[in-house]
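K.L.:
Contents of start-v4.tsv (TSV, N, CA and C atoms) are below:
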```tsv
chain	number	residue	atom	x	y	z
O	253	MET	N	97.10	91.58	109.26
O	253	MET	CA	96.05	91.36	108.28
O	253	MET	C	96.54	91.88	106.94
O	254	TRP	N	96.36	91.08	105.91
O	254	TRP	CA	96.73	91.47	104.55
O	254	TRP	C	95.51	92.11	103.89
O	255	ILE	N	95.70	93.30	103.33
O	255	ILE	CA	94.63	93.99	102.61
O	255	ILE	C	95.11	94.26	101.19
O	256	ASP	N	94.33	93.82	100.23
O	256	ASP	CA	94.65	94.02	98.82
O	256	ASP	C	94.31	95.46	98.44
O	257	ALA	N	95.33	96.25	98.16
O	257	ALA	CA	95.13	97.68	97.88
O	257	ALA	C	94.53	97.95	96.52
O	258	THR	N	94.37	96.93	95.68
O	258	THR	CA	93.74	97.16	94.37
O	258	THR	C	92.22	97.07	94.42
O	259	GLN	N	91.69	96.62	95.53
O	259	GLN	CA	90.23	96.49	95.64
O	259	GLN	C	89.57	97.86	95.87
O	260	ASP	N	88.27	97.88	95.85
O	260	ASP	CA	87.49	99.10	96.04
O	260	ASP	C	87.87	99.82	97.34
O	261	ILE	N	87.94	101.13	97.29
O	261	ILE	CA	88.32	101.95	98.45
O	261	ILE	C	87.43	101.65	99.66
O	262	ASP	N	86.13	101.52	99.45
O	262	ASP	CA	85.23	101.24	100.57
O	262	ASP	C	85.55	99.90	101.22
O	263	ASP	N	85.91	98.91	100.41
O	263	ASP	CA	86.29	97.60	100.95
O	263	ASP	C	87.58	97.70	101.77
O	264	ILE	N	88.53	98.48	101.26
O	264	ILE	CA	89.78	98.68	102.00
O	264	ILE	C	89.49	99.34	103.34
O	265	GLN	N	88.68	100.39	103.32
O	265	GLN	CA	88.36	101.11	104.56
O	265	GLN	C	87.63	100.20	105.55
O	266	ASN	N	86.71	99.39	105.05
O	266	ASN	CA	86.00	98.45	105.92
O	266	ASN	C	86.95	97.45	106.57
O	267	GLN	N	87.91	96.97	105.82
O	267	GLN	CA	88.87	96.03	106.38
O	267	GLN	C	89.77	96.71	107.41
O	268	ILE	N	90.16	97.94	107.16
O	268	ILE	CA	90.96	98.69	108.14
O	268	ILE	C	90.13	98.91	109.40
O	269	ASN	N	88.87	99.28	109.23
O	269	ASN	CA	88.00	99.48	110.40
O	269	ASN	C	87.87	98.20	111.22
O	270	GLU	N	87.73	97.07	110.54
O	270	GLU	CA	87.64	95.78	111.23
O	270	GLU	C	88.94	95.47	111.97
O	271	LEU	N	90.06	95.73	111.31
O	271	LEU	CA	91.36	95.51	111.95
O	271	LEU	C	91.49	96.34	113.21
O	272	LEU	N	91.13	97.60	113.14
O	272	LEU	CA	91.23	98.49	114.31
O	272	LEU	C	90.26	98.08	115.41
O	273	ALA	N	89.06	97.67	115.03
O	273	ALA	CA	88.06	97.26	116.02
O	273	ALA	C	88.49	96.00	116.77
O	274	ASN	N	89.25	95.14	116.09
O	274	ASN	CA	89.70	93.90	116.71
O	274	ASN	C	91.11	93.98	117.30
O	275	SER	N	91.66	95.17	117.32
O	275	SER	CA	93.01	95.36	117.85
O	275	SER	C	93.03	95.12	119.36
O	276	PRO	N	94.11	94.54	119.86
O	276	PRO	CA	94.24	94.39	121.32
O	276	PRO	C	94.46	95.74	122.01
O	277	GLU	N	94.83	96.74	121.22
O	277	GLU	CA	95.03	98.09	121.75
O	277	GLU	C	93.66	98.78	121.86
O	278	GLN	N	93.29	99.17	123.05
O	278	GLN	CA	92.00	99.82	123.25
O	278	GLN	C	91.94	101.15	122.49
O	279	ASP	N	90.83	101.39	121.81
O	279	ASP	CA	90.60	102.62	121.04
O	279	ASP	C	91.64	102.83	119.94
O	280	ALA	N	92.09	101.76	119.31
O	280	ALA	CA	93.06	101.86	118.21
O	280	ALA	C	92.44	102.69	117.08
O	281	GLU	N	93.24	103.60	116.53
O	281	GLU	CA	92.71	104.46	115.46
O	281	GLU	C	93.72	104.71	114.34
O	282	GLU	N	94.90	104.11	114.41
O	282	GLU	CA	95.90	104.31	113.37
O	282	GLU	C	96.24	102.97	112.71
O	283	TYR	N	96.58	103.04	111.43
O	283	TYR	CA	97.04	101.88	110.70
O	283	TYR	C	98.35	102.26	110.01
O	284	ALA	N	99.10	101.26	109.60
O	284	ALA	CA	100.35	101.51	108.87
O	284	ALA	C	100.52	100.42	107.82
O	285	ILE	N	101.19	100.77	106.74
O	285	ILE	CA	101.49	99.82	105.68
O	285	ILE	C	102.84	99.18	106.02
O	286	ARG	N	102.82	97.89	106.25
O	286	ARG	CA	104.04	97.20	106.68
O	286	ARG	C	104.62	96.28	105.61
O	287	ASP	N	103.91	96.06	104.53
O	287	ASP	CA	104.37	95.14	103.50
O	287	ASP	C	104.18	95.79	102.14
O	288	GLN	N	105.10	95.54	101.25
O	288	GLN	CA	105.06	96.15	99.92
O	288	GLN	C	104.85	95.11	98.81
O	289	GLU	N	104.40	93.93	99.18
O	289	GLU	CA	104.24	92.85	98.21
O	289	GLU	C	103.27	93.27	97.09
O	290	GLY	N	103.63	92.91	95.88
O	290	GLY	CA	102.78	93.20	94.74
O	290	GLY	C	103.02	94.56	94.11
O	291	LEU	N	104.03	95.30	94.59
O	291	LEU	CA	104.29	96.63	94.06
O	291	LEU	C	105.55	96.69	93.19
O	292	ALA	N	106.02	95.54	92.75
O	292	ALA	CA	107.15	95.44	91.81
O	292	ALA	C	108.38	96.21	92.27
O	293	GLY	N	108.63	96.18	93.57
O	293	GLY	CA	109.81	96.85	94.10
O	293	GLY	C	109.61	98.30	94.48
O	294	TYR	N	108.46	98.86	94.15
O	294	TYR	CA	108.16	100.25	94.52
O	294	TYR	C	107.74	100.30	95.98
O	295	SER	N	108.13	101.33	96.70
O	295	SER	CA	107.80	101.44	98.11
O	295	SER	C	106.85	102.61	98.36
O	296	VAL	N	105.79	102.33	99.09
O	296	VAL	CA	104.90	103.40	99.54
O	296	VAL	C	105.27	103.74	100.98
O	297	PHE	N	104.90	104.93	101.39
O	297	PHE	CA	105.20	105.36	102.75
O	297	PHE	C	104.37	104.56	103.75
O	298	GLU	N	104.91	104.37	104.92
O	298	GLU	CA	104.26	103.60	105.97
O	298	GLU	C	102.87	104.14	106.31
O	299	TYR	N	102.73	105.46	106.27
O	299	TYR	CA	101.44	106.08	106.62
O	299	TYR	C	100.77	106.71	105.40
O	300	GLU	N	100.96	106.11	104.25
O	300	GLU	CA	100.35	106.58	103.00
O	300	GLU	C	98.83	106.56	103.15
O	301	GLY	N	98.16	107.52	102.55
O	301	GLY	CA	96.71	107.55	102.57
O	301	GLY	C	96.13	106.39	101.77
O	302	ILE	N	94.92	106.02	102.11
O	302	ILE	CA	94.28	104.88	101.46
O	302	ILE	C	94.11	105.12	99.96
O	303	GLN	N	93.64	106.29	99.58
O	303	GLN	CA	93.40	106.57	98.16
O	303	GLN	C	94.70	106.49	97.37
O	304	ARG	N	95.75	107.11	97.87
O	304	ARG	CA	97.02	107.10	97.14
O	304	ARG	C	97.61	105.68	97.08
O	305	ALA	N	97.57	104.94	98.17
O	305	ALA	CA	98.07	103.56	98.16
O	305	ALA	C	97.28	102.74	97.14
O	306	HIS	N	95.98	102.95	97.09
O	306	HIS	CA	95.12	102.27	96.13
O	306	HIS	C	95.51	102.63	94.69
O	307	ASP	N	95.68	103.93	94.43
O	307	ASP	CA	96.03	104.38	93.08
O	307	ASP	C	97.37	103.81	92.63
O	308	ILE	N	98.35	103.80	93.52
O	308	ILE	CA	99.66	103.24	93.21
O	308	ILE	C	99.54	101.75	92.91
O	309	ALA	N	98.84	101.03	93.77
O	309	ALA	CA	98.67	99.58	93.58
O	309	ALA	C	97.97	99.28	92.26
O	310	ARG	N	96.97	100.06	91.91
O	310	ARG	CA	96.22	99.83	90.66
O	310	ARG	C	97.09	100.08	89.43
O	311	VAL	N	97.83	101.19	89.42
O	311	VAL	CA	98.65	101.48	88.24
O	311	VAL	C	99.74	100.42	88.07
O	312	ILE	N	100.28	99.91	89.15
O	312	ILE	CA	101.29	98.85	89.05
O	312	ILE	C	100.64	97.53	88.65
O	313	ALA	N	99.49	97.20	89.21
O	313	ALA	CA	98.79	95.96	88.86
O	313	ALA	C	98.41	95.96	87.38
O	314	GLU	N	98.01	97.10	86.87
O	314	GLU	CA	97.56	97.20	85.48
O	314	GLU	C	98.71	97.24	84.48
O	315	ASN	N	99.89	97.73	84.91
O	315	ASN	CA	100.97	97.97	83.96
O	315	ASN	C	102.28	97.27	84.29
O	316	GLY	N	102.38	96.65	85.45
O	316	GLY	CA	103.56	95.89	85.80
O	316	GLY	C	104.74	96.73	86.26
O	317	GLU	N	105.91	96.10	86.17
O	317	GLU	CA	107.14	96.69	86.71
O	317	GLU	C	107.48	98.04	86.08
O	318	ILE	N	107.12	98.24	84.82
O	318	ILE	CA	107.41	99.52	84.17
O	318	ILE	C	106.74	100.67	84.93
O	319	ALA	N	105.56	100.43	85.48
O	319	ALA	CA	104.86	101.47	86.23
O	319	ALA	C	105.63	101.80	87.50
O	320	ALA	N	106.16	100.80	88.18
O	320	ALA	CA	106.95	101.05	89.38
O	320	ALA	C	108.19	101.86	89.04
O	321	ASP	N	108.84	101.51	87.94
O	321	ASP	CA	110.03	102.25	87.52
O	321	ASP	C	109.68	103.69	87.16
O	322	LEU	N	108.57	103.87	86.47
O	322	LEU	CA	108.16	105.23	86.07
O	322	LEU	C	107.74	106.06	87.28
O	323	LEU	N	107.08	105.45	88.24
O	323	LEU	CA	106.74	106.18	89.46
O	323	LEU	C	107.99	106.72	90.13
O	324	SER	N	109.01	105.91	90.21
O	324	SER	CA	110.27	106.35	90.80
O	324	SER	C	110.90	107.45	89.95
O	325	HIS	N	110.88	107.27	88.65
O	325	HIS	CA	111.47	108.24	87.73
O	325	HIS	C	110.77	109.61	87.80
O	326	PHE	N	109.46	109.59	87.90
O	326	PHE	CA	108.68	110.84	87.90
O	326	PHE	C	108.41	111.37	89.31
O	327	GLY	N	109.22	110.98	90.26
O	327	GLY	CA	109.08	111.53	91.61
O	327	GLY	C	107.75	111.18	92.26
O	328	ASP	N	107.28	109.96	92.04
O	328	ASP	CA	106.05	109.43	92.64
O	328	ASP	C	104.77	110.00	92.03
O	329	SER	N	104.86	110.64	90.89
O	329	SER	CA	103.67	111.21	90.24
O	329	SER	C	102.90	110.13	89.49
O	330	ILE	N	101.73	109.82	89.98
O	330	ILE	CA	100.87	108.83	89.32
O	330	ILE	C	100.41	109.38	87.97
O	331	GLU	N	100.05	110.65	87.94
O	331	GLU	CA	99.57	111.27	86.69
O	331	GLU	C	100.65	111.21	85.60
O	332	ASP	N	101.88	111.59	85.92
O	332	ASP	CA	102.96	111.54	84.93
O	332	ASP	C	103.27	110.11	84.51
O	333	THR	N	103.18	109.19	85.45
O	333	THR	CA	103.41	107.78	85.14
O	333	THR	C	102.37	107.26	84.16
O	334	GLN	N	101.10	107.55	84.43
O	334	GLN	CA	100.04	107.09	83.53
O	334	GLN	C	100.17	107.74	82.16
O	335	LYS	N	100.51	109.00	82.12
O	335	LYS	CA	100.69	109.71	80.85
O	335	LYS	C	101.82	109.08	80.04
O	336	ALA	N	102.94	108.78	80.69
O	336	ALA	CA	104.08	108.16	80.00
O	336	ALA	C	103.71	106.78	79.47
O	337	ILE	N	102.94	106.03	80.23
O	337	ILE	CA	102.54	104.69	79.77
O	337	ILE	C	101.64	104.80	78.56
O	338	VAL	N	100.67	105.69	78.60
O	338	VAL	CA	99.74	105.84	77.47
O	338	VAL	C	100.47	106.34	76.22
O	339	GLU	N	101.38	107.30	76.39
O	339	GLU	CA	102.04	107.91	75.24
O	339	GLU	C	103.20	107.09	74.69
O	340	ASN	N	103.80	106.24	75.52
O	340	ASN	CA	105.04	105.58	75.08
O	340	ASN	C	105.01	104.06	75.08
O	341	TYR	N	104.01	103.48	75.70
O	341	TYR	CA	103.99	102.03	75.78
O	341	TYR	C	102.70	101.53	75.28
```
Could you spell out this file's structure in structure tokens?

P.N.:
Amino acid sequence: MWIDATQDIDDIQNQINELLANSPEQDAEEYAIRDQEGLAGYSVFEYEGIQRAHDIARVIAENGEIAADLLSHFGDSIEDTQKAIVENY
């Protein structure tokens, strides 16, 4: 199932809950990020938290490839990335 990480956190959580409820695995309770599409080459961890995955997806969606490059440059710091974008771009 493809879930757009830029959408509202509650919508993301609802889609994950639906995915787990419909899993062929009885009592499924874990999810993993298996695709990095739309992140301009930036990679999130397989078991990244929903909020952080959402924040990363939003900053890249709003600012493009430069945000992905800055995230890598600043050691994955969303705050430093946003600050650099505001101050320099």

K.L.:
Find the distance between atom CA of O:Thr258 and atom CA of O:Leu272 and write it in Å to one decimal.

P.N.:
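Atom CA of O:Leu272 lies 20.1 Å from atom CA of O:Thr258.
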
K.L.:
Mind pulling up the distance from atom CA of O:Asp328 to atom CA of O:Val311?

P.N.:
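Computing it gives 11.7 Å between the two atoms.
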
K.L.:
As a short mmCIF file (atom, residue, chain, number, x, y, z; two decimals) with N, CA and C atoms, keeping the file's coordinate frame, which residues of chain O does DSSP assign to alpha helix (DSSP H)?

P.N.:
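What landed in selection07.cif:
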```cif
data_model
loop_
_atom_site.label_atom_id
_atom_site.label_comp_id
_atom_site.auth_asym_id
_atom_site.auth_seq_id
_atom_site.Cartn_x
_atom_site.Cartn_y
_atom_site.Cartn_z
N ILE O 261 87.94 101.13 97.29
CA ILE O 261 88.32 101.95 98.45
C ILE O 261 87.43 101.65 99.66
N ASP O 262 86.13 101.52 99.45
CA ASP O 262 85.23 101.24 100.57
C ASP O 262 85.55 99.90 101.22
N ASP O 263 85.91 98.91 100.41
CA ASP O 263 86.29 97.60 100.95
C ASP O 263 87.58 97.70 101.77
N ILE O 264 88.53 98.48 101.26
CA ILE O 264 89.78 98.68 102.00
C ILE O 264 89.49 99.34 103.34
N GLN O 265 88.68 100.39 103.32
CA GLN O 265 88.36 101.11 104.56
C GLN O 265 87.63 100.20 105.55
N ASN O 266 86.71 99.39 105.05
CA ASN O 266 86.00 98.45 105.92
C ASN O 266 86.95 97.45 106.57
N GLN O 267 87.91 96.97 105.82
CA GLN O 267 88.87 96.03 106.38
C GLN O 267 89.77 96.71 107.41
N ILE O 268 90.16 97.94 107.16
CA ILE O 268 90.96 98.69 108.14
C ILE O 268 90.13 98.91 109.40
N ASN O 269 88.87 99.28 109.23
CA ASN O 269 88.00 99.48 110.40
C ASN O 269 87.87 98.20 111.22
N GLU O 270 87.73 97.07 110.54
CA GLU O 270 87.64 95.78 111.23
C GLU O 270 88.94 95.47 111.97
N LEU O 271 90.06 95.73 111.31
CA LEU O 271 91.36 95.51 111.95
C LEU O 271 91.49 96.34 113.21
N LEU O 272 91.13 97.60 113.14
CA LEU O 272 91.23 98.49 114.31
C LEU O 272 90.26 98.08 115.41
N ALA O 273 89.06 97.67 115.03
CA ALA O 273 88.06 97.26 116.02
C ALA O 273 88.49 96.00 116.77
N ILE O 302 94.92 106.02 102.11
CA ILE O 302 94.28 104.88 101.46
C ILE O 302 94.11 105.12 99.96
N GLN O 303 93.64 106.29 99.58
CA GLN O 303 93.40 106.57 98.16
C GLN O 303 94.70 106.49 97.37
N ARG O 304 95.75 107.11 97.87
CA ARG O 304 97.02 107.10 97.14
C ARG O 304 97.61 105.68 97.08
N ALA O 305 97.57 104.94 98.17
CA ALA O 305 98.07 103.56 98.16
C ALA O 305 97.28 102.74 97.14
N HIS O 306 95.98 102.95 97.09
CA HIS O 306 95.12 102.27 96.13
C HIS O 306 95.51 102.63 94.69
N ASP O 307 95.68 103.93 94.43
CA ASP O 307 96.03 104.38 93.08
C ASP O 307 97.37 103.81 92.63
N ILE O 308 98.35 103.80 93.52
CA ILE O 308 99.66 103.24 93.21
C ILE O 308 99.54 101.75 92.91
N ALA O 309 98.84 101.03 93.77
CA ALA O 309 98.67 99.58 93.58
C ALA O 309 97.97 99.28 92.26
N ARG O 310 96.97 100.06 91.91
CA ARG O 310 96.22 99.83 90.66
C ARG O 310 97.09 100.08 89.43
N VAL O 311 97.83 101.19 89.42
CA VAL O 311 98.65 101.48 88.24
C VAL O 311 99.74 100.42 88.07
N ILE O 312 100.28 99.91 89.15
CA ILE O 312 101.29 98.85 89.05
C ILE O 312 100.64 97.53 88.65
N ALA O 313 99.49 97.20 89.21
CA ALA O 313 98.79 95.96 88.86
C ALA O 313 98.41 95.96 87.38
N GLU O 314 98.01 97.10 86.87
CA GLU O 314 97.56 97.20 85.48
C GLU O 314 98.71 97.24 84.48
N ASN O 315 99.89 97.73 84.91
CA ASN O 315 100.97 97.97 83.96
C ASN O 315 102.28 97.27 84.29
N GLU O 317 105.91 96.10 86.17
CA GLU O 317 107.14 96.69 86.71
C GLU O 317 107.48 98.04 86.08
N ILE O 318 107.12 98.24 84.82
CA ILE O 318 107.41 99.52 84.17
C ILE O 318 106.74 100.67 84.93
N ALA O 319 105.56 100.43 85.48
CA ALA O 319 104.86 101.47 86.23
C ALA O 319 105.63 101.80 87.50
N ALA O 320 106.16 100.80 88.18
CA ALA O 320 106.95 101.05 89.38
C ALA O 320 108.19 101.86 89.04
N ASP O 321 108.84 101.51 87.94
CA ASP O 321 110.03 102.25 87.52
C ASP O 321 109.68 103.69 87.16
N LEU O 322 108.57 103.87 86.47
CA LEU O 322 108.16 105.23 86.07
C LEU O 322 107.74 106.06 87.28
N LEU O 323 107.08 105.45 88.24
CA LEU O 323 106.74 106.18 89.46
C LEU O 323 107.99 106.72 90.13
N SER O 324 109.01 105.91 90.21
CA SER O 324 110.27 106.35 90.80
C SER O 324 110.90 107.45 89.95
N HIS O 325 110.88 107.27 88.65
CA HIS O 325 111.47 108.24 87.73
C HIS O 325 110.77 109.61 87.80
N ILE O 330 101.73 109.82 89.98
CA ILE O 330 100.87 108.83 89.32
C ILE O 330 100.41 109.38 87.97
N GLU O 331 100.05 110.65 87.94
CA GLU O 331 99.57 111.27 86.69
C GLU O 331 100.65 111.21 85.60
N ASP O 332 101.88 111.59 85.92
CA ASP O 332 102.96 111.54 84.93
C ASP O 332 103.27 110.11 84.51
N THR O 333 103.18 109.19 85.45
CA THR O 333 103.41 107.78 85.14
C THR O 333 102.37 107.26 84.16
N GLN O 334 101.10 107.55 84.43
CA GLN O 334 100.04 107.09 83.53
C GLN O 334 100.17 107.74 82.16
N LYS O 335 100.51 109.00 82.12
CA LYS O 335 100.69 109.71 80.85
C LYS O 335 101.82 109.08 80.04
N ALA O 336 102.94 108.78 80.69
CA ALA O 336 104.08 108.16 80.00
C ALA O 336 103.71 106.78 79.47
N ILE O 337 102.94 106.03 80.23
CA ILE O 337 102.54 104.69 79.77
C ILE O 337 101.64 104.80 78.56
N VAL O 338 100.67 105.69 78.60
CA VAL O 338 99.74 105.84 77.47
C VAL O 338 100.47 106.34 76.22
N GLU O 339 101.38 107.30 76.39
CA GLU O 339 102.04 107.91 75.24
C GLU O 339 103.20 107.09 74.69
N ASN O 340 103.80 106.24 75.52
CA ASN O 340 105.04 105.58 75.08
C ASN O 340 105.01 104.06 75.08
#
```

K.L.:
With a distance cut-off of 8 Å and all atoms listed in the file, select the neighbouring residues of O:Asp256, excluding the residue or stretch itself and same-chain residues fewer than 3 positions from it, and output the selection as a PyMOL selection string.

P.N.:
chain O and resi 253+259-260+263-264+305-306+309

K.L.:
Need to verify the contact set: O:Ile318, 8 Å, only N, CA and C atoms, exclusion of same-chain residues closer than 4 positions in sequence. Can you return it as a list in words?

P.N.:
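Skipping anything fewer than 4 positions along the chain leaves Ala292, Val311, Ile312, Leu322, Leu323, Ser324, Thr333 and Ile337 of chain O.
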
K.L.:
Report, in Å with one decimal, the straight-line distance from atom CA of O:Lys335 to atom CA of O:Asp307.

P.N.:
14.1 Å

K.L.:
Of the candidates O:Ile285, O:Ile255, O:Ile268, O:Leu291, which one gets nearest to O:Asp321 if we count only C-alpha atoms?

P.N.:
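Using only C-alpha atoms, O:Asp321 sits closest to O:Leu291.
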
K.L.:
Is it possible to get the residues within 7 Å of (103.5, 102.7, 106.9) (coordinates as in the file, counting all atoms listed in the file) written as an mmCIF file with N, CA and C atoms, keeping the file's coordinate frame?

P.N.:
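To be explicit, this is the file written out as out.cif:
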```cif
data_model
loop_
_atom_site.group_PDB
_atom_site.id
_atom_site.type_symbol
_atom_site.label_atom_id
_atom_site.label_comp_id
_atom_site.auth_asym_id
_atom_site.auth_seq_id
_atom_site.Cartn_x
_atom_site.Cartn_y
_atom_site.Cartn_z
ATOM 1 N N TYR O 283 96.580 103.040 111.430
ATOM 2 C CA TYR O 283 97.040 101.880 110.700
ATOM 3 C C TYR O 283 98.350 102.260 110.010
ATOM 4 N N ALA O 284 99.100 101.260 109.600
ATOM 5 C CA ALA O 284 100.350 101.510 108.870
ATOM 6 C C ALA O 284 100.520 100.420 107.820
ATOM 7 N N ILE O 285 101.190 100.770 106.740
ATOM 8 C CA ILE O 285 101.490 99.820 105.680
ATOM 9 C C ILE O 285 102.840 99.180 106.020
ATOM 10 N N ARG O 286 102.820 97.890 106.250
ATOM 11 C CA ARG O 286 104.040 97.200 106.680
ATOM 12 C C ARG O 286 104.620 96.280 105.610
ATOM 13 N N VAL O 296 105.790 102.330 99.090
ATOM 14 C CA VAL O 296 104.900 103.400 99.540
ATOM 15 C C VAL O 296 105.270 103.740 100.980
ATOM 16 N N PHE O 297 104.900 104.930 101.390
ATOM 17 C CA PHE O 297 105.200 105.360 102.750
ATOM 18 C C PHE O 297 104.370 104.560 103.750
ATOM 19 N N GLU O 298 104.910 104.370 104.920
ATOM 20 C CA GLU O 298 104.260 103.600 105.970
ATOM 21 C C GLU O 298 102.870 104.140 106.310
ATOM 22 N N TYR O 299 102.730 105.460 106.270
ATOM 23 C CA TYR O 299 101.440 106.080 106.620
ATOM 24 C C TYR O 299 100.770 106.710 105.400
ATOM 25 N N GLU O 300 100.960 106.110 104.250
ATOM 26 C CA GLU O 300 100.350 106.580 103.000
ATOM 27 C C GLU O 300 98.830 106.560 103.150
#
```
